[in-house]
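Asks: CSV, C-alpha atoms, saved as work_9.csv, coming up:
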chain,number,residue,atom,x,y,z
A,24,MET,CA,18.7,0.7,9.0
A,25,GLN,CA,20.5,0.8,5.7
A,26,GLU,CA,19.4,2.6,2.5
A,27,TYR,CA,19.4,0.9,-0.9
A,28,VAL,CA,19.8,2.7,-4.3
A,29,CYS,CA,18.3,1.7,-7.6
A,30,THR,CA,21.1,1.2,-10.1
A,31,THR,CA,18.8,2.1,-12.9
A,32,CYS,CA,17.4,5.5,-11.9
A,33,GLY,CA,19.1,6.4,-8.6
A,34,TYR,CA,15.9,6.2,-6.4
A,35,ILE,CA,16.9,5.6,-2.8
A,36,TYR,CA,14.8,3.3,-0.7
A,37,ASP,CA,14.8,4.7,2.9
A,38,PRO,CA,13.5,2.2,5.4
A,39,GLU,CA,12.6,5.0,7.8
A,40,VAL,CA,10.1,6.2,5.1
A,41,GLY,CA,9.1,2.9,3.4
A,42,ASP,CA,7.0,3.1,0.2
A,43,LEU,CA,3.4,3.6,1.3
A,44,ASP,CA,2.2,3.7,-2.3
A,45,SER,CA,3.3,0.1,-2.6
A,46,GLY,CA,2.1,-0.9,0.8
A,47,ILE,CA,5.6,-0.9,2.4
A,48,GLU,CA,5.2,0.6,5.9
A,49,PRO,CA,7.8,2.9,7.4
A,50,GLY,CA,10.4,1.0,9.4
A,51,THR,CA,10.5,-1.9,6.9
A,52,PRO,CA,14.1,-3.0,6.2
A,53,PHE,CA,14.9,-3.6,2.5
A,54,GLU,CA,15.5,-7.3,3.2
A,55,ASN,CA,11.9,-7.6,4.4
A,56,ILE,CA,10.3,-6.1,1.3
A,57,PRO,CA,8.5,-8.7,-0.9
A,58,ASP,CA,10.6,-10.0,-3.8
A,59,ASP,CA,8.0,-8.8,-6.3
A,60,TRP,CA,8.3,-5.2,-5.2
A,61,VAL,CA,9.6,-2.8,-7.9
A,62,CYS,CA,11.2,0.6,-7.9
A,63,PRO,CA,8.4,3.2,-7.6
A,64,VAL,CA,10.2,5.5,-10.0
A,65,CYS,CA,11.3,3.3,-12.9
A,66,GLY,CA,9.9,-0.2,-12.2
A,67,ALA,CA,13.3,-1.9,-11.7
A,68,THR,CA,13.2,-5.1,-9.8
A,69,LYS,CA,14.4,-5.5,-6.3
A,70,ASP,CA,17.6,-7.3,-7.4
A,71,GLN,CA,18.6,-4.1,-9.3
A,72,PHE,CA,19.2,-2.3,-5.9
A,73,GLU,CA,22.5,-2.0,-4.2
A,74,LEU,CA,23.4,-1.0,-0.6
A,75,GLU,CA,24.0,2.8,-0.4
A,76,SER,CA,27.6,3.5,0.6
Reformat the file's structure so that it appears as structure tokens.

Replies:
Amino acid sequence: MQEYVCTTCGYIYDPEVGDLDSGIEPGTPFENIPDDWVCPVCGATKDQFELES
């Protein structure tokens, strides 16, 4: 699974870890996260994330 990085603060969403504080279970691909999810560090919206290269 691919990681995505927040272009605002640099937080990396790792699908292996998920985001349990926001109800995103480990193993959840970025594409399957709800559109209203926000970066847990800075609050940036999902569209402000880019595929980690």

Asks: Tell me which of A:Glu75, A:Asp44, A:Val64, A:Lys69 sits closest to Met24 of chain A, counting all atoms listed in the file.

Replies: A:Glu75

Asks: Find, counting only C-alpha atoms, the residue in A:Phe72, A:Pro38, A:Gly33, A:Gln25 that gets nearest to Asp58 of chain A.

Replies: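 For Asp58 of chain A, the nearest of the given residues is A:Phe72.
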
Asks: Check the smallest atom-to-atom distance from each of A:Ile56, A:Val61, A:Leu74, A:Val28 to Gly41 of chain A using only C-alpha atoms, then report the winner.

Replies: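 Smallest distance to Gly41 of chain A is found for A:Ile56.
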
Asks: Which value, in Å to one decimal, gives the distance between atom CA of Tyr36 of chain A and atom CA of Gly66 of chain A?

Replies: 13.0 Å

Asks: Contacts of Glu73 of chain A at 9 Å or less, counting only C-alpha atoms, minus same-chain residues fewer than 4 places along, as a ChimeraX atom specification?

Replies: /A:26-30

Asks: To one decimal place in Å, what is the distance between atom CA of Thr51 of chain A and atom CA of Thr68 of chain A?

Replies: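 Separation of atom CA of Thr51 of chain A and atom CA of Thr68 of chain A: 17.2 Å.
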
Asks: I'd like the contact shell of Thr31 of chain A - 9 Å cut-off, all atoms listed in the file, skipping same-chain residues fewer than 4 positions apart - returned as a PyMOL selection string.

Replies: chain A and resi 65+67+71-72

Asks: Would you work out the distance separating atom CA of Ile35 of chain A from atom CA of Asn55 of chain A, expressed in Å to one decimal?

Replies: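 So the two atoms, atom CA of Ile35 of chain A and atom CA of Asn55 of chain A, lie 15.8 Å apart.
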
Asks: Please, can segment 47-69 of chain A be completed to N, CA, C and O atoms and returned as a PDB file, in the coordinates of the input?

Replies:
ATOM      1  N   ILE A  47       4.419  -0.643   1.590  1.00  0.00           N
ATOM      2  CA  ILE A  47       5.600  -0.900   2.400  1.00  0.00           C
ATOM      3  C   ILE A  47       5.592   0.129   3.557  1.00  0.00           C
ATOM      4  O   ILE A  47       5.797   1.316   3.310  1.00  0.00           O
ATOM      5  N   GLU A  48       5.353  -0.318   4.770  1.00  0.00           N
ATOM      6  CA  GLU A  48       5.200   0.600   5.900  1.00  0.00           C
ATOM      7  C   GLU A  48       6.602   1.160   6.313  1.00  0.00           C
ATOM      8  O   GLU A  48       7.637   0.509   6.143  1.00  0.00           O
ATOM      9  N   PRO A  49       6.604   2.379   6.851  1.00  0.00           N
ATOM     10  CA  PRO A  49       7.800   2.900   7.400  1.00  0.00           C
ATOM     11  C   PRO A  49       8.426   1.988   8.448  1.00  0.00           C
ATOM     12  O   PRO A  49       7.682   1.341   9.191  1.00  0.00           O
ATOM     13  N   GLY A  50       9.744   1.889   8.472  1.00  0.00           N
ATOM     14  CA  GLY A  50      10.400   1.000   9.400  1.00  0.00           C
ATOM     15  C   GLY A  50      10.672  -0.388   8.825  1.00  0.00           C
ATOM     16  O   GLY A  50      11.208  -1.251   9.517  1.00  0.00           O
ATOM     17  N   THR A  51      10.322  -0.602   7.547  1.00  0.00           N
ATOM     18  CA  THR A  51      10.500  -1.900   6.900  1.00  0.00           C
ATOM     19  C   THR A  51      11.924  -1.989   6.310  1.00  0.00           C
ATOM     20  O   THR A  51      12.237  -1.253   5.379  1.00  0.00           O
ATOM     21  N   PRO A  52      12.794  -2.876   6.831  1.00  0.00           N
ATOM     22  CA  PRO A  52      14.100  -3.000   6.200  1.00  0.00           C
ATOM     23  C   PRO A  52      13.999  -3.552   4.793  1.00  0.00           C
ATOM     24  O   PRO A  52      13.059  -4.268   4.458  1.00  0.00           O
ATOM     25  N   PHE A  53      14.950  -3.172   3.953  1.00  0.00           N
ATOM     26  CA  PHE A  53      14.900  -3.600   2.500  1.00  0.00           C
ATOM     27  C   PHE A  53      14.821  -5.087   2.410  1.00  0.00           C
ATOM     28  O   PHE A  53      14.113  -5.590   1.540  1.00  0.00           O
ATOM     29  N   GLU A  54      15.495  -5.811   3.273  1.00  0.00           N
ATOM     30  CA  GLU A  54      15.500  -7.300   3.200  1.00  0.00           C
ATOM     31  C   GLU A  54      14.102  -7.857   3.422  1.00  0.00           C
ATOM     32  O   GLU A  54      13.824  -8.970   2.994  1.00  0.00           O
ATOM     33  N   ASN A  55      13.218  -7.112   4.079  1.00  0.00           N
ATOM     34  CA  ASN A  55      11.900  -7.600   4.400  1.00  0.00           C
ATOM     35  C   ASN A  55      10.825  -7.214   3.344  1.00  0.00           C
ATOM     36  O   ASN A  55       9.659  -7.575   3.473  1.00  0.00           O
ATOM     37  N   ILE A  56      11.235  -6.465   2.329  1.00  0.00           N
ATOM     38  CA  ILE A  56      10.300  -6.100   1.300  1.00  0.00           C
ATOM     39  C   ILE A  56      10.053  -7.338   0.398  1.00  0.00           C
ATOM     40  O   ILE A  56      10.987  -8.099   0.110  1.00  0.00           O
ATOM     41  N   PRO A  57       8.825  -7.569  -0.038  1.00  0.00           N
ATOM     42  CA  PRO A  57       8.500  -8.700  -0.900  1.00  0.00           C
ATOM     43  C   PRO A  57       9.409  -8.728  -2.170  1.00  0.00           C
ATOM     44  O   PRO A  57       9.747  -7.662  -2.691  1.00  0.00           O
ATOM     45  N   ASP A  58       9.765  -9.907  -2.642  1.00  0.00           N
ATOM     46  CA  ASP A  58      10.600 -10.000  -3.800  1.00  0.00           C
ATOM     47  C   ASP A  58      10.000  -9.470  -5.086  1.00  0.00           C
ATOM     48  O   ASP A  58      10.718  -9.140  -6.025  1.00  0.00           O
ATOM     49  N   ASP A  59       8.670  -9.352  -5.117  1.00  0.00           N
ATOM     50  CA  ASP A  59       8.000  -8.800  -6.300  1.00  0.00           C
ATOM     51  C   ASP A  59       7.865  -7.316  -6.316  1.00  0.00           C
ATOM     52  O   ASP A  59       7.296  -6.740  -7.236  1.00  0.00           O
ATOM     53  N   TRP A  60       8.382  -6.645  -5.278  1.00  0.00           N
ATOM     54  CA  TRP A  60       8.300  -5.200  -5.200  1.00  0.00           C
ATOM     55  C   TRP A  60       9.224  -4.613  -6.309  1.00  0.00           C
ATOM     56  O   TRP A  60      10.245  -5.195  -6.676  1.00  0.00           O
ATOM     57  N   VAL A  61       8.811  -3.477  -6.879  1.00  0.00           N
ATOM     58  CA  VAL A  61       9.600  -2.800  -7.900  1.00  0.00           C
ATOM     59  C   VAL A  61       9.831  -1.356  -7.530  1.00  0.00           C
ATOM     60  O   VAL A  61       9.086  -0.778  -6.739  1.00  0.00           O
ATOM     61  N   CYS A  62      10.854  -0.764  -8.099  1.00  0.00           N
ATOM     62  CA  CYS A  62      11.200   0.600  -7.900  1.00  0.00           C
ATOM     63  C   CYS A  62       9.951   1.493  -8.226  1.00  0.00           C
ATOM     64  O   CYS A  62       9.409   1.364  -9.322  1.00  0.00           O
ATOM     65  N   PRO A  63       9.539   2.377  -7.316  1.00  0.00           N
ATOM     66  CA  PRO A  63       8.400   3.200  -7.600  1.00  0.00           C
ATOM     67  C   PRO A  63       8.592   4.268  -8.664  1.00  0.00           C
ATOM     68  O   PRO A  63       7.646   4.854  -9.173  1.00  0.00           O
ATOM     69  N   VAL A  64       9.838   4.495  -9.027  1.00  0.00           N
ATOM     70  CA  VAL A  64      10.200   5.500 -10.000  1.00  0.00           C
ATOM     71  C   VAL A  64      10.264   4.908 -11.432  1.00  0.00           C
ATOM     72  O   VAL A  64       9.640   5.380 -12.378  1.00  0.00           O
ATOM     73  N   CYS A  65      11.047   3.815 -11.551  1.00  0.00           N
ATOM     74  CA  CYS A  65      11.300   3.300 -12.900  1.00  0.00           C
ATOM     75  C   CYS A  65      10.852   1.851 -13.120  1.00  0.00           C
ATOM     76  O   CYS A  65      10.927   1.351 -14.232  1.00  0.00           O
ATOM     77  N   GLY A  66      10.391   1.172 -12.047  1.00  0.00           N
ATOM     78  CA  GLY A  66       9.900  -0.200 -12.200  1.00  0.00           C
ATOM     79  C   GLY A  66      10.983  -1.264 -12.182  1.00  0.00           C
ATOM     80  O   GLY A  66      10.689  -2.424 -12.456  1.00  0.00           O
ATOM     81  N   ALA A  67      12.216  -0.885 -11.828  1.00  0.00           N
ATOM     82  CA  ALA A  67      13.300  -1.900 -11.700  1.00  0.00           C
ATOM     83  C   ALA A  67      12.974  -2.878 -10.634  1.00  0.00           C
ATOM     84  O   ALA A  67      12.332  -2.545  -9.633  1.00  0.00           O
ATOM     85  N   THR A  68      13.421  -4.104 -10.804  1.00  0.00           N
ATOM     86  CA  THR A  68      13.200  -5.100  -9.800  1.00  0.00           C
ATOM     87  C   THR A  68      14.088  -4.984  -8.604  1.00  0.00           C
ATOM     88  O   THR A  68      15.108  -4.287  -8.659  1.00  0.00           O
ATOM     89  N   LYS A  69      13.712  -5.626  -7.525  1.00  0.00           N
ATOM     90  CA  LYS A  69      14.400  -5.500  -6.300  1.00  0.00           C
ATOM     91  C   LYS A  69      15.908  -5.885  -6.394  1.00  0.00           C
ATOM     92  O   LYS A  69      16.762  -5.302  -5.719  1.00  0.00           O
TER      93      LYS A  69
END
